[in-house]
file input-v5.csv (CSV, C-alpha atoms)
chain,number,residue,atom,x,y,z
N,154,MET,CA,0.0,0.0,0.0
N,155,ASN,CA,1.6,3.3,-1.1
N,156,ILE,CA,0.9,6.9,-0.2
N,157,PRO,CA,2.9,8.7,-2.9
N,158,ASP,CA,2.4,12.2,-1.7
N,159,TRP,CA,3.9,11.2,1.6
N,160,ASP,CA,6.5,8.9,0.2
N,161,LEU,CA,5.4,6.0,2.4
N,162,THR,CA,4.9,2.3,1.8
N,163,PHE,CA,3.0,0.0,4.1
N,164,GLU,CA,4.1,-3.6,3.5
N,165,PRO,CA,1.4,-6.2,4.4
N,166,PRO,CA,0.6,-7.8,6.7
N,167,ILE,CA,-0.7,-4.7,8.4
N,168,THR,CA,-2.1,-4.4,11.9
N,169,VAL,CA,-4.3,-1.6,13.1
N,170,PHE,CA,-4.3,-1.0,16.8
N,171,ASN,CA,-7.6,0.6,18.0
N,172,LEU,CA,-7.0,2.6,21.1
N,173,SER,CA,-9.6,4.0,23.5
N,174,GLY,CA,-10.9,7.5,22.6
N,175,GLY,CA,-11.0,6.8,18.8
N,176,VAL,CA,-7.2,6.9,18.3
N,177,SER,CA,-5.7,4.2,16.2
N,178,CYS,CA,-2.2,3.1,15.0
N,179,LEU,CA,-1.4,1.5,11.7
N,180,SER,CA,1.6,-0.7,11.8
N,181,SER,CA,3.1,-2.6,8.8
N,182,SER,CA,5.7,-5.3,8.5
N,183,ASN,CA,8.3,-3.0,6.9
N,184,GLY,CA,8.4,-0.9,10.1
N,185,THR,CA,6.3,2.0,8.9
N,186,CYS,CA,3.9,2.9,11.7
N,187,TRP,CA,1.5,5.8,12.1
N,188,ILE,CA,-0.6,6.9,15.0
N,189,MET,CA,-3.8,8.1,13.4
N,190,SER,CA,-5.1,10.9,15.6
N,191,PRO,CA,-6.0,13.7,13.2
N,192,ILE,CA,-4.9,17.0,14.6
N,193,ARG,CA,-5.9,19.8,12.3
N,194,GLY,CA,-3.1,20.3,9.6
N,195,THR,CA,-0.9,17.5,10.7
N,196,PHE,CA,-2.8,14.3,10.4
N,197,TRP,CA,-0.2,11.7,11.3
N,198,THR,CA,2.6,10.9,13.6
N,199,GLN,CA,5.2,8.5,12.2
N,200,LEU,CA,6.9,6.1,14.6
N,201,ASN,CA,9.2,3.8,12.5
N,202,ARG,CA,8.5,0.8,14.6
N,203,SER,CA,7.4,-2.7,13.5
N,204,SER,CA,5.9,-3.4,16.9
N,205,PRO,CA,4.6,-0.3,18.5
N,206,GLU,CA,2.7,-1.9,21.4
N,207,GLU,CA,5.2,-0.7,24.1
N,208,ASP,CA,5.1,2.8,22.8
N,209,LEU,CA,1.3,2.9,22.6
N,210,GLU,CA,1.0,1.6,26.1
N,211,LEU,CA,2.8,4.7,27.3
N,212,ILE,CA,0.1,7.0,25.9
N,213,THR,CA,-1.9,7.8,29.1
N,214,PRO,CA,-4.7,7.4,29.7
N,215,LEU,CA,-5.4,5.6,26.5
N,216,ARG,CA,-5.4,1.8,26.2
N,217,ILE,CA,-5.2,-0.6,23.2
N,218,LEU,CA,-8.6,-2.2,23.0
N,219,THR,CA,-8.8,-4.2,19.7
N,220,LYS,CA,-6.5,-5.1,16.8
N,221,CYS,CA,-7.4,-5.6,13.2
N,222,HIS,CA,-5.3,-7.7,10.9
N,223,TYR,CA,-4.9,-7.3,7.2
N,224,ASP,CA,-2.9,-9.9,5.2
N,225,HIS,CA,-3.4,-7.9,1.9
N,226,ALA,CA,-3.5,-4.2,1.2
N,227,GLN,CA,-7.0,-4.4,-0.4
N,228,GLU,CA,-8.4,-5.8,2.8
N,229,ILE,CA,-7.9,-2.5,4.4
N,230,HIS,CA,-11.3,-1.4,2.9
N,231,ASP,CA,-13.1,-4.4,4.4
N,232,SER,CA,-15.8,-3.2,6.8
N,233,LEU,CA,-15.5,-6.4,8.7
N,234,PRO,CA,-11.8,-7.1,9.1
N,235,ARG,CA,-10.3,-9.9,11.2
N,236,THR,CA,-10.4,-8.4,14.7
N,237,THR,CA,-9.1,-9.6,18.0
N,238,LEU,CA,-9.2,-8.2,21.4
N,239,HIS,CA,-6.0,-6.8,22.8
N,240,ILE,CA,-5.5,-8.6,26.0
N,241,SER,CA,-2.3,-8.2,28.0
N,242,SER,CA,-3.7,-10.0,31.1
N,243,ARG,CA,-2.9,-13.4,32.4
N,244,GLN,CA,-5.6,-15.0,30.1
N,245,GLY,CA,-3.3,-14.8,27.1
N,246,ALA,CA,-3.4,-12.8,23.9
N,247,ASP,CA,-6.2,-14.8,22.2
N,248,PHE,CA,-8.5,-15.2,25.2
N,249,ASP,CA,-11.7,-14.3,23.3
N,250,THR,CA,-10.9,-16.5,20.3
N,251,GLN,CA,-10.0,-19.4,22.6
N,252,GLN,CA,-13.2,-19.0,24.4
N,253,VAL,CA,-15.2,-19.1,21.2
N,254,HIS,CA,-13.5,-22.3,20.2
N,255,ARG,CA,-14.0,-23.8,23.7
N,256,TRP,CA,-17.7,-23.1,23.7
N,257,PHE,CA,-18.2,-24.4,20.2
N,258,GLY,CA,-16.2,-27.5,21.2
N,259,LEU,CA,-18.4,-27.9,24.3
N,260,SER,CA,-21.4,-27.7,22.1
N,261,THR,CA,-20.1,-30.6,20.0
N,262,ALA,CA,-19.3,-32.6,23.1
N,263,TYR,CA,-22.9,-32.1,24.4
N,264,ALA,CA,-24.3,-33.0,21.0
N,265,ILE,CA,-22.3,-36.3,21.0
N,266,GLN,CA,-23.8,-37.0,24.5
N,267,LYS,CA,-27.3,-36.3,23.0
N,268,ALA,CA,-27.7,-33.3,25.3
N,269,ASN,CA,-28.8,-31.2,22.4
N,270,THR,CA,-30.4,-28.3,24.3
N,271,THR,CA,-27.3,-27.7,26.4
N,272,GLY,CA,-25.2,-28.1,23.3
N,273,LEU,CA,-27.3,-25.3,21.6
N,274,ARG,CA,-26.8,-23.1,24.6
N,275,ALA,CA,-23.1,-23.6,24.5
N,276,GLU,CA,-23.0,-22.7,20.9
N,277,ARG,CA,-25.1,-19.7,21.5
N,278,ILE,CA,-22.6,-18.4,24.1
N,279,GLY,CA,-19.7,-18.9,21.6
N,280,LYS,CA,-21.6,-16.9,19.0
N,281,GLN,CA,-22.5,-14.2,21.6
N,282,ILE,CA,-18.8,-13.7,22.4
N,283,LEU,CA,-18.3,-13.1,18.6
N,284,PHE,CA,-21.2,-10.6,18.6
N,285,CYS,CA,-19.8,-8.7,21.6
N,286,ARG,CA,-16.4,-8.5,20.0
N,287,ASP,CA,-17.8,-7.2,16.7
N,288,SER,CA,-20.1,-4.8,18.5
N,289,LEU,CA,-17.1,-3.4,20.4
N,290,TYR,CA,-15.2,-3.0,17.2
N,291,THR,CA,-18.1,-1.2,15.6
N,292,LEU,CA,-18.2,1.2,18.6
N,293,SER,CA,-14.5,1.9,18.3
N,294,ARG,CA,-15.0,2.7,14.5
N,295,SER,CA,-17.7,5.1,15.5
N,296,TYR,CA,-15.4,6.8,17.9
N,297,MET,CA,-12.7,6.9,15.2
N,298,HIS,CA,-15.0,8.5,12.6
N,299,SER,CA,-16.3,11.0,15.1
N,300,LEU,CA,-12.8,12.0,16.1
N,301,ALA,CA,-11.5,12.3,12.6
N,302,ASN,CA,-14.6,14.2,11.2
N,303,ASN,CA,-15.0,16.6,14.1
N,304,ILE,CA,-11.4,17.6,14.2
N,305,GLY,CA,-11.3,17.7,10.4
N,306,GLU,CA,-14.3,20.1,10.4
N,307,GLY,CA,-12.7,22.2,13.1
N,308,ASN,CA,-15.6,21.4,15.5
N,309,ILE,CA,-13.5,21.1,18.6
N,310,SER,CA,-11.5,23.2,20.8
N,311,HIS,CA,-8.9,21.7,23.1
N,312,GLY,CA,-10.0,23.7,26.1
N,313,GLU,CA,-7.3,26.4,25.8
N,314,ASP,CA,-9.6,28.6,27.7
N,315,GLY,CA,-9.7,26.1,30.5
N,316,GLU,CA,-13.2,24.9,29.8
N,317,ILE,CA,-14.4,21.6,28.5
N,318,HIS,CA,-16.6,21.8,25.5
N,319,PHE,CA,-19.3,19.3,24.9
N,320,ILE,CA,-20.6,18.6,21.4
N,321,SER,CA,-24.0,17.1,20.5
N,322,ASN,CA,-24.4,16.3,16.8
N,323,LYS,CA,-25.1,13.4,14.5
N,324,TYR,CA,-21.8,11.7,15.6
N,325,ALA,CA,-22.8,11.8,19.2
N,326,LEU,CA,-26.1,10.2,18.3
N,327,ASP,CA,-24.2,7.5,16.4
N,328,ILE,CA,-21.9,6.7,19.3
N,329,GLY,CA,-25.0,6.6,21.6
N,330,TYR,CA,-26.7,4.1,19.3
N,331,ARG,CA,-23.5,1.9,19.0
N,332,THR,CA,-23.0,2.1,22.8
N,333,GLN,CA,-26.6,0.9,23.5
N,334,SER,CA,-26.1,-1.8,20.9
N,335,CYS,CA,-22.9,-3.0,22.5
N,336,LEU,CA,-24.4,-2.9,26.0
N,337,ASN,CA,-27.3,-5.0,24.7
N,338,GLU,CA,-24.9,-7.7,23.3
N,339,LEU,CA,-22.9,-7.7,26.6
N,340,TYR,CA,-26.1,-8.0,28.6
N,341,ALA,CA,-27.1,-10.9,26.5
N,342,LEU,CA,-23.8,-12.7,27.1
N,343,ARG,CA,-24.3,-12.1,30.8
N,344,GLY,CA,-27.8,-13.6,30.7
N,345,LEU,CA,-26.7,-16.6,28.6
N,346,SER,CA,-23.7,-17.3,31.0
N,347,PHE,CA,-26.0,-17.0,34.1
N,348,ILE,CA,-28.5,-19.6,32.9
N,349,PHE,CA,-26.0,-22.1,31.5
N,350,PRO,CA,-26.5,-25.4,33.4
N,351,ILE,CA,-23.5,-26.6,35.3
B,58,MET,CA,-39.2,-7.7,35.3
B,59,TYR,CA,-36.8,-5.9,37.6
B,60,LEU,CA,-37.2,-8.4,40.4
B,61,LYS,CA,-36.6,-11.2,38.0
B,62,LYS,CA,-33.2,-9.7,37.0
B,63,ILE,CA,-32.2,-9.2,40.6
B,64,GLU,CA,-33.1,-12.8,41.3
B,65,LYS,CA,-30.9,-14.1,38.4
B,66,ILE,CA,-27.8,-12.2,39.6
B,67,SER,CA,-28.4,-13.2,43.2
B,68,LYS,CA,-28.6,-16.8,42.1
B,69,MET,CA,-25.3,-16.5,40.4
B,70,ILE,CA,-23.7,-14.9,43.4
B,71,LYS,CA,-25.0,-17.6,45.7
B,72,LEU,CA,-23.7,-20.3,43.3
B,73,LEU,CA,-20.2,-18.6,43.2
B,74,GLN,CA,-20.1,-18.4,47.0
B,75,SER,CA,-21.3,-22.0,47.6
B,76,ASP,CA,-19.9,-24.1,44.8
B,77,ASP,CA,-16.2,-25.0,45.3
B,78,ARG,CA,-15.7,-25.7,41.6
B,79,PHE,CA,-15.4,-21.9,41.1
B,80,SER,CA,-11.7,-21.3,41.8
B,81,LEU,CA,-12.0,-17.8,40.5
B,82,ALA,CA,-15.0,-16.8,42.7
B,83,PRO,CA,-12.9,-14.2,44.6
B,84,ILE,CA,-12.1,-12.5,41.3
B,85,ILE,CA,-15.6,-12.8,39.8
B,86,LEU,CA,-17.7,-11.9,42.9
B,87,PRO,CA,-16.5,-8.2,43.0
B,88,MET,CA,-17.5,-7.9,39.3
B,89,LEU,CA,-21.1,-8.7,40.3
B,90,ALA,CA,-21.1,-6.7,43.5
B,91,ASP,CA,-23.7,-4.0,44.3
B,92,ASP,CA,-21.6,-1.9,46.6
B,93,PRO,CA,-19.0,-0.9,45.5
B,94,ILE,CA,-20.6,-1.5,42.1
B,95,GLY,CA,-18.7,-4.0,40.0
B,96,PRO,CA,-18.2,-3.8,36.2
B,97,ILE,CA,-20.8,-6.4,35.3
B,98,ARG,CA,-23.4,-4.8,37.6
B,99,LEU,CA,-22.5,-1.3,36.3
B,100,MET,CA,-22.8,-2.5,32.7
B,101,SER,CA,-26.2,-4.0,33.5
B,102,LEU,CA,-27.4,-0.8,35.1
B,103,TYR,CA,-26.5,1.3,32.2
B,104,ARG,CA,-28.0,-1.2,29.8
B,105,ASN,CA,-31.3,-1.3,31.6
B,106,VAL,CA,-31.5,2.4,32.0
B,107,PHE,CA,-30.6,3.1,28.3
B,108,PHE,CA,-32.7,0.3,26.9
B,109,HIS,CA,-35.9,0.8,28.9
B,110,TYR,CA,-36.0,4.5,29.7
B,111,VAL,CA,-33.6,7.0,28.3
B,112,GLY,CA,-32.5,5.6,24.9
B,113,THR,CA,-29.2,6.9,23.8
B,114,LYS,CA,-29.2,9.9,26.3
B,115,ASN,CA,-25.9,9.3,28.1
B,116,ASN,CA,-25.8,12.2,30.5
B,117,PRO,CA,-28.0,15.1,31.7
B,118,MET,CA,-27.2,17.1,28.5
B,119,GLY,CA,-28.5,14.4,26.2
B,120,GLN,CA,-26.2,12.8,23.6
B,121,ALA,CA,-22.9,14.6,23.9
B,122,PHE,CA,-19.1,13.9,23.8
B,123,CYS,CA,-16.0,15.9,24.6
B,124,PHE,CA,-12.4,15.8,23.7
B,125,ARG,CA,-9.3,15.6,25.9
B,126,ASP,CA,-5.6,15.4,25.2
B,127,ALA,CA,-3.5,12.4,26.0
B,128,SER,CA,0.2,12.9,26.9
B,129,SER,CA,2.8,10.9,25.0
B,130,ASN,CA,6.4,11.0,23.7
B,131,PHE,CA,4.9,12.1,20.4
B,132,GLY,CA,3.2,15.2,21.7
B,133,ARG,CA,-0.4,15.7,22.6
B,134,ILE,CA,-2.9,13.3,21.1
B,135,PRO,CA,-6.5,14.3,21.1
B,136,TYR,CA,-9.1,11.7,21.9
B,137,LEU,CA,-12.8,11.5,22.4
B,138,ILE,CA,-14.8,10.7,25.5
B,139,TYR,CA,-18.4,9.7,25.5
B,140,PRO,CA,-19.2,10.3,29.2
B,141,LEU,CA,-21.8,8.2,30.9
B,142,TYR,CA,-23.9,9.7,33.7
B,143,ASP,CA,-22.0,9.2,37.0
B,144,ASP,CA,-24.9,9.4,39.5
B,145,ILE,CA,-25.4,5.7,40.3
B,146,THR,CA,-28.1,6.3,42.9
B,147,ARG,CA,-30.1,8.3,40.4
B,148,LEU,CA,-29.6,5.7,37.7
B,149,ARG,CA,-30.8,3.0,40.1
B,150,SER,CA,-33.9,4.9,40.9
B,151,ILE,CA,-34.6,5.3,37.1
B,152,GLU,CA,-34.1,1.6,36.7
B,153,ARG,CA,-36.8,1.1,39.4
B,154,GLY,CA,-39.1,3.4,37.5
B,155,ALA,CA,-38.6,6.8,38.9
B,156,PRO,CA,-39.4,9.8,36.7
B,157,LEU,CA,-36.7,11.0,34.4
B,158,ASP,CA,-37.1,14.8,35.0
B,159,GLU,CA,-36.9,15.0,38.7
B,160,GLY,CA,-36.3,18.4,40.4
B,161,THR,CA,-36.9,22.0,39.4
B,162,ARG,CA,-35.5,23.5,36.2
B,163,GLU,CA,-32.8,25.3,38.2
B,164,GLU,CA,-31.8,22.0,40.0
B,165,GLN,CA,-31.6,20.3,36.6
B,166,ARG,CA,-29.4,23.2,35.3
B,167,ASP,CA,-27.1,22.8,38.3
B,168,GLU,CA,-26.8,19.1,37.7
B,169,VAL,CA,-25.7,19.8,34.1
B,170,LYS,CA,-23.1,22.2,35.4
B,171,ARG,CA,-21.8,19.8,38.0
B,172,PHE,CA,-21.6,17.0,35.4
B,173,MET,CA,-19.7,19.3,32.9
B,174,GLN,CA,-17.1,20.2,35.5
B,175,LEU,CA,-16.1,16.7,36.5
B,176,THR,CA,-12.4,15.9,36.0
B,177,HIS,CA,-13.0,12.2,35.5
B,178,TYR,CA,-15.7,10.5,33.3
B,179,THR,CA,-16.7,6.9,32.7
B,180,ASP,CA,-16.2,6.5,29.0
B,181,ALA,CA,-18.7,4.3,27.1
B,182,MET,CA,-16.1,2.4,25.2
B,183,ASP,CA,-13.9,1.8,28.2
B,184,LEU,CA,-16.8,0.5,30.1
B,185,CYS,CA,-17.9,-1.8,27.3
B,186,TYR,CA,-14.3,-3.2,27.0
B,187,ASP,CA,-13.9,-3.7,30.7
B,188,SER,CA,-17.3,-5.4,31.0
B,189,PHE,CA,-16.5,-7.7,28.1
B,190,MET,CA,-13.2,-8.7,29.8
B,191,CYS,CA,-15.1,-9.5,33.0
B,192,LEU,CA,-17.8,-11.5,31.1
B,193,LEU,CA,-15.1,-13.5,29.3
B,194,THR,CA,-13.6,-14.4,32.7
B,195,LEU,CA,-17.0,-15.4,34.0
B,196,SER,CA,-17.9,-17.5,30.9
B,197,ALA,CA,-14.4,-19.2,31.0
B,198,GLU,CA,-14.9,-20.1,34.6
B,199,ILE,CA,-18.4,-21.5,33.8
B,200,GLU,CA,-17.1,-23.4,30.9
B,201,ARG,CA,-14.3,-24.9,33.0
B,202,CYS,CA,-16.8,-25.9,35.8
B,203,THR,CA,-18.8,-28.0,33.3
B,204,ARG,CA,-15.8,-30.5,33.4
B,205,VAL,CA,-16.9,-31.6,29.9
B,206,ASP,CA,-14.0,-32.0,27.4
B,207,SER,CA,-14.4,-29.6,24.5
B,208,ARG,CA,-14.6,-31.7,21.2
B,209,THR,CA,-13.8,-30.6,17.7
B,210,ILE,CA,-14.9,-32.2,14.5
B,211,VAL,CA,-12.2,-32.3,11.8
B,212,LEU,CA,-13.5,-32.3,8.3
B,213,THR,CA,-11.4,-34.1,5.7
B,214,ASP,CA,-11.6,-34.0,1.9
B,215,ALA,CA,-13.6,-37.3,2.1
B,216,ASP,CA,-16.4,-35.5,4.0
B,217,ILE,CA,-16.8,-32.6,1.5
B,218,LEU,CA,-18.9,-33.0,-1.6
B,219,GLU,CA,-18.5,-29.5,-2.9
B,220,ALA,CA,-16.8,-26.4,-1.6
B,221,THR,CA,-16.0,-22.8,-2.5
B,222,ILE,CA,-13.0,-21.4,-0.8
B,223,GLN,CA,-12.4,-17.6,-0.7
B,224,HIS,CA,-8.7,-16.7,-0.2
B,225,SER,CA,-7.7,-13.7,1.9
B,226,ASP,CA,-6.8,-11.7,-1.3
B,227,GLY,CA,-10.4,-11.9,-2.4
B,228,THR,CA,-10.0,-14.7,-5.1
B,229,ALA,CA,-12.3,-17.8,-4.9
B,230,ALA,CA,-11.8,-21.4,-5.9
B,231,HIS,CA,-14.5,-24.0,-6.4
B,232,PHE,CA,-14.0,-27.7,-5.7
B,233,VAL,CA,-16.1,-30.7,-6.3
B,234,LYS,CA,-15.6,-34.4,-5.4
B,235,GLY,CA,-14.1,-36.3,-8.4
B,236,GLU,CA,-14.7,-39.9,-9.4
B,237,ASP,CA,-11.7,-41.0,-7.3
B,238,GLY,CA,-13.2,-39.4,-4.2
B,239,LYS,CA,-10.7,-36.6,-4.1
B,240,LEU,CA,-11.6,-32.9,-4.4
B,241,VAL,CA,-10.9,-31.4,-7.8
B,242,GLN,CA,-10.7,-27.7,-8.6
B,243,LYS,CA,-13.3,-26.6,-11.2
call {"tool": "encode", "arguments": {"input": "input-v5.csv", "output": "structure tokens"}}
result
Amino acid sequence: MNIPDWDLTFEPPITVFNLSGGVSCLSSSNGTCWIMSPIRGTFWTQLNRSSPEEDLELITPLRILTKCHYDHAQEIHDSLPRTTLHISSRQGADFDTQQVHRWFGLSTAYAIQKANTTGLRAERIGKQILFCRDSLYTLSRSYMHSLANNIGEGNISHGEDGEIHFISNKYALDIGYRTQSCLNELYALRGLSFIFPI
Amino acid sequence: MYLKKIEKISKMIKLLQSDDRFSLAPIILPMLADDPIGPIRLMSLYRNVFFHYVGTKNNPMGQAFCFRDASSNFGRIPYLIYPLYDDITRLRSIERGAPLDEGTREEQRDEVKRFMQLTHYTDAMDLCYDSFMCLLTLSAEIERCTRVDSRTIVLTDADILEATIQHSDGTAAHFVKGEDGKLVQK
């Protein structure tokens, strides 16, 4: 992927780190790495790192929430990229994916035992984990678009006058809708987990 | 409806406290706690209030977000906060059916001012991420407690009659079972 005006080349595979607050970081295998937080006039900050995680973790109070993986440049336009949660805790890097596989496997085990209803419930939990992850990714995209568009349109001030400015527009409505949607998915996962027979 | 929900969470708490299969109960119980409110309980409260009563109105001003600057080695990085209402007592009373527009107009204006001047906000996306992590911990513990071995079914070429495989570069290949039983690309 080339950006000729900037004389930059992103060599696949490419990883996009989605941080809290709508900030993201695009990192490619050839070491080109950009933090994408669009400040008016200067849209990018170049890092020159192939693995920027340690640098990103120093940006307080932001956290890395999800990661999107692109094996080919054309996938960057995919609205549903391969997304994983960024988990630095003791559960391990692919905790969510492992959980999906475990629940699907449990479903198969119950089906073999002819416990079909329990098997369906296990499968449903596995699917719900996927829904939650996708919903969280959609919410982070909504943050990203709101950040980019509002700064691009000059809609924000950074509180130079010491005041915090609140904005209520179509982007706020979109984040609200995505938040409610994400909370609904999480609540469904809670409910399904609570009623699973053990 | 509300009582039923409380009953469900209480049941789970009792199970975690009494069943010795839950080795992570000390970690999970605070997530479900009422006081101080745990992440799963908080997520449920916001969900119930948003879903049943206030829609997407996330704070006393309606739908609104603000920007802050993060400090980093690369200079200031602006980021977005979608702040959720912080008055848990008020949210709980709304969840129980209290009217949304309590207080005089002046009291409501003061509440908006108070909220706008807070130094720390609960951000919607941060809350969703933290809740999801907690729910994954809970579901992993439940899955472990079933003590049933997870099974996978491996499909071989012999099981497939016809298949279309899409590669990650967008190209697709179609296969059908040949006379010798092997998959042949069409």
call {"tool": "closest_atom_pairs", "arguments": {"input": "input-v5.csv", "of": "chain B", "to": "chain N", "cutoff": "8 Å", "atoms": "only C-alpha atoms", "output": "CSV"}}
result
residue,atom,partner,partner_atom,distance
B:Lys65,CA,N:Phe347,CA,7.1
B:Ile66,CA,N:Phe347,CA,7.5
B:Met69,CA,N:Phe347,CA,6.4
B:Met100,CA,N:Leu336,CA,6.9
B:Ser101,CA,N:Tyr340,CA,6.3
B:Tyr103,CA,N:Leu336,CA,7.8
B:Arg104,CA,N:Leu336,CA,5.5
B:Phe107,CA,N:Gln333,CA,6.6
B:Phe108,CA,N:Gln333,CA,7.0
B:Gly112,CA,N:Gln333,CA,7.7
B:Thr113,CA,N:Gly329,CA,4.8
B:Lys114,CA,N:Gly329,CA,7.1
B:Asn115,CA,N:Gly329,CA,7.1
B:Gly119,CA,N:Ser321,CA,7.7
B:Gln120,CA,N:Ala325,CA,5.6
B:Ala121,CA,N:Ser321,CA,4.4
B:Phe122,CA,N:Ile320,CA,5.5
B:Cys123,CA,N:Phe319,CA,4.7
B:Phe124,CA,N:His311,CA,6.9
B:Arg125,CA,N:His311,CA,6.7
B:Asp126,CA,N:His311,CA,7.4
B:Ala127,CA,N:Thr213,CA,5.8
B:Ser128,CA,N:Thr213,CA,5.9
B:Ser129,CA,N:Ile212,CA,4.8
B:Asn130,CA,N:Ile212,CA,7.8
B:Phe131,CA,N:Thr198,CA,7.3
B:Ile134,CA,N:Ser190,CA,6.4
B:Pro135,CA,N:Ser190,CA,6.6
B:Tyr136,CA,N:Gly174,CA,4.6
B:Leu137,CA,N:Gly174,CA,4.4
B:Ile138,CA,N:Gly174,CA,5.8
B:Tyr139,CA,N:Ile328,CA,7.7
B:Met173,CA,N:Ile317,CA,7.3
B:Gln174,CA,N:Ile317,CA,7.6
B:Ala181,CA,N:Thr332,CA,6.5
B:Met182,CA,N:Ser173,CA,6.9
B:Asp183,CA,N:Ser173,CA,6.7
B:Cys185,CA,N:Leu336,CA,6.7
B:Tyr186,CA,N:Leu218,CA,7.0
B:Ser188,CA,N:Leu339,CA,7.5
B:Phe189,CA,N:Leu339,CA,6.6
B:Leu192,CA,N:Arg343,CA,6.5
B:Leu193,CA,N:Asp249,CA,6.9
B:Leu195,CA,N:Ser346,CA,7.6
B:Ser196,CA,N:Ser346,CA,5.8
B:Ala197,CA,N:Gln252,CA,6.7
B:Ile199,CA,N:Ser346,CA,7.3
B:Glu200,CA,N:Trp256,CA,7.2
B:Cys202,CA,N:Ile351,CA,6.8
B:Thr203,CA,N:Ile351,CA,5.3
B:Val205,CA,N:Leu259,CA,6.9
B:Asp206,CA,N:Leu259,CA,6.8
B:Ser207,CA,N:Gly258,CA,4.3
B:Arg208,CA,N:Gly258,CA,4.5
B:Thr209,CA,N:Gly258,CA,5.3
B:Ile210,CA,N:Thr261,CA,7.7
B:Ser225,CA,N:Asp224,CA,7.0
B:Asp226,CA,N:His225,CA,6.0
call {"tool": "write_last_selection", "arguments": {"input": "input-v5.csv", "atoms": "C-alpha atoms", "output": "CSV table (one decimal), keeping the file's coordinate frame"}}
result
chain,number,residue,atom,x,y,z
B,65,LYS,CA,-30.9,-14.1,38.4
B,66,ILE,CA,-27.8,-12.2,39.6
B,69,MET,CA,-25.3,-16.5,40.4
B,100,MET,CA,-22.8,-2.5,32.7
B,101,SER,CA,-26.2,-4.0,33.5
B,103,TYR,CA,-26.5,1.3,32.2
B,104,ARG,CA,-28.0,-1.2,29.8
B,107,PHE,CA,-30.6,3.1,28.3
B,108,PHE,CA,-32.7,0.3,26.9
B,112,GLY,CA,-32.5,5.6,24.9
B,113,THR,CA,-29.2,6.9,23.8
B,114,LYS,CA,-29.2,9.9,26.3
B,115,ASN,CA,-25.9,9.3,28.1
B,119,GLY,CA,-28.5,14.4,26.2
B,120,GLN,CA,-26.2,12.8,23.6
B,121,ALA,CA,-22.9,14.6,23.9
B,122,PHE,CA,-19.1,13.9,23.8
B,123,CYS,CA,-16.0,15.9,24.6
B,124,PHE,CA,-12.4,15.8,23.7
B,125,ARG,CA,-9.3,15.6,25.9
B,126,ASP,CA,-5.6,15.4,25.2
B,127,ALA,CA,-3.5,12.4,26.0
B,128,SER,CA,0.2,12.9,26.9
B,129,SER,CA,2.8,10.9,25.0
B,130,ASN,CA,6.4,11.0,23.7
B,131,PHE,CA,4.9,12.1,20.4
B,134,ILE,CA,-2.9,13.3,21.1
B,135,PRO,CA,-6.5,14.3,21.1
B,136,TYR,CA,-9.1,11.7,21.9
B,137,LEU,CA,-12.8,11.5,22.4
B,138,ILE,CA,-14.8,10.7,25.5
B,139,TYR,CA,-18.4,9.7,25.5
B,173,MET,CA,-19.7,19.3,32.9
B,174,GLN,CA,-17.1,20.2,35.5
B,181,ALA,CA,-18.7,4.3,27.1
B,182,MET,CA,-16.1,2.4,25.2
B,183,ASP,CA,-13.9,1.8,28.2
B,185,CYS,CA,-17.9,-1.8,27.3
B,186,TYR,CA,-14.3,-3.2,27.0
B,188,SER,CA,-17.3,-5.4,31.0
B,189,PHE,CA,-16.5,-7.7,28.1
B,192,LEU,CA,-17.8,-11.5,31.1
B,193,LEU,CA,-15.1,-13.5,29.3
B,195,LEU,CA,-17.0,-15.4,34.0
B,196,SER,CA,-17.9,-17.5,30.9
B,197,ALA,CA,-14.4,-19.2,31.0
B,199,ILE,CA,-18.4,-21.5,33.8
B,200,GLU,CA,-17.1,-23.4,30.9
B,202,CYS,CA,-16.8,-25.9,35.8
B,203,THR,CA,-18.8,-28.0,33.3
B,205,VAL,CA,-16.9,-31.6,29.9
B,206,ASP,CA,-14.0,-32.0,27.4
B,207,SER,CA,-14.4,-29.6,24.5
B,208,ARG,CA,-14.6,-31.7,21.2
B,209,THR,CA,-13.8,-30.6,17.7
B,210,ILE,CA,-14.9,-32.2,14.5
B,225,SER,CA,-7.7,-13.7,1.9
B,226,ASP,CA,-6.8,-11.7,-1.3
call {"tool": "closest_residue", "arguments": {"input": "input-v5.csv", "among": "B:Pro93, B:Arg201, B:Arg147, B:Lys239", "to": "Glu219 of chain B", "atoms": "only C-alpha atoms"}}
result
B:Lys239
call {"tool": "atom_distance", "arguments": {"input": "input-v5.csv", "atom1": "atom CA of Val169 of chain B", "atom2": "atom CA of Ala155 of chain B"}}
result
18.9 Å
call {"tool": "closest_residue", "arguments": {"input": "input-v5.csv", "among": "B:Asp76, B:Pro96, B:Arg133, B:Ile85", "to": "Thr194 of chain B", "atoms": "only C-alpha atoms"}}
result
B:Ile85
call {"tool": "atom_distance", "arguments": {"input": "input-v5.csv", "atom1": "atom CA of Ser295 of chain N", "atom2": "atom CA of Lys220 of chain N"}}
result
15.2 Å
call {"tool": "atom_distance", "arguments": {"input": "input-v5.csv", "atom1": "atom CA of Lys68 of chain B", "atom2": "atom CA of Leu89 of chain B"}}
result
11.2 Å
call {"tool": "closest_residue", "arguments": {"input": "input-v5.csv", "among": "B:Leu240, B:Val111, B:Leu184, B:Leu212", "to": "Glu152 of chain B", "atoms": "all atoms listed in the file"}}
result
B:Val111
call {"tool": "closest_residue", "arguments": {"input": "input-v5.csv", "among": "B:Asp143, B:Met118, B:Glu198, B:Ile97", "to": "Asp167 of chain B", "atoms": "all atoms listed in the file"}}
result
B:Met118
call {"tool": "residues_around", "arguments": {"input": "input-v5.csv", "residues": "Phe232 of chain B", "least_positions_apart": "5", "cutoff": "7 Å", "atoms": "all atoms listed in the file", "output": "list in words"}}
result
Glu219, Ala220, Thr221, Leu240, Val241, Gln242 and Lys243 of chain B
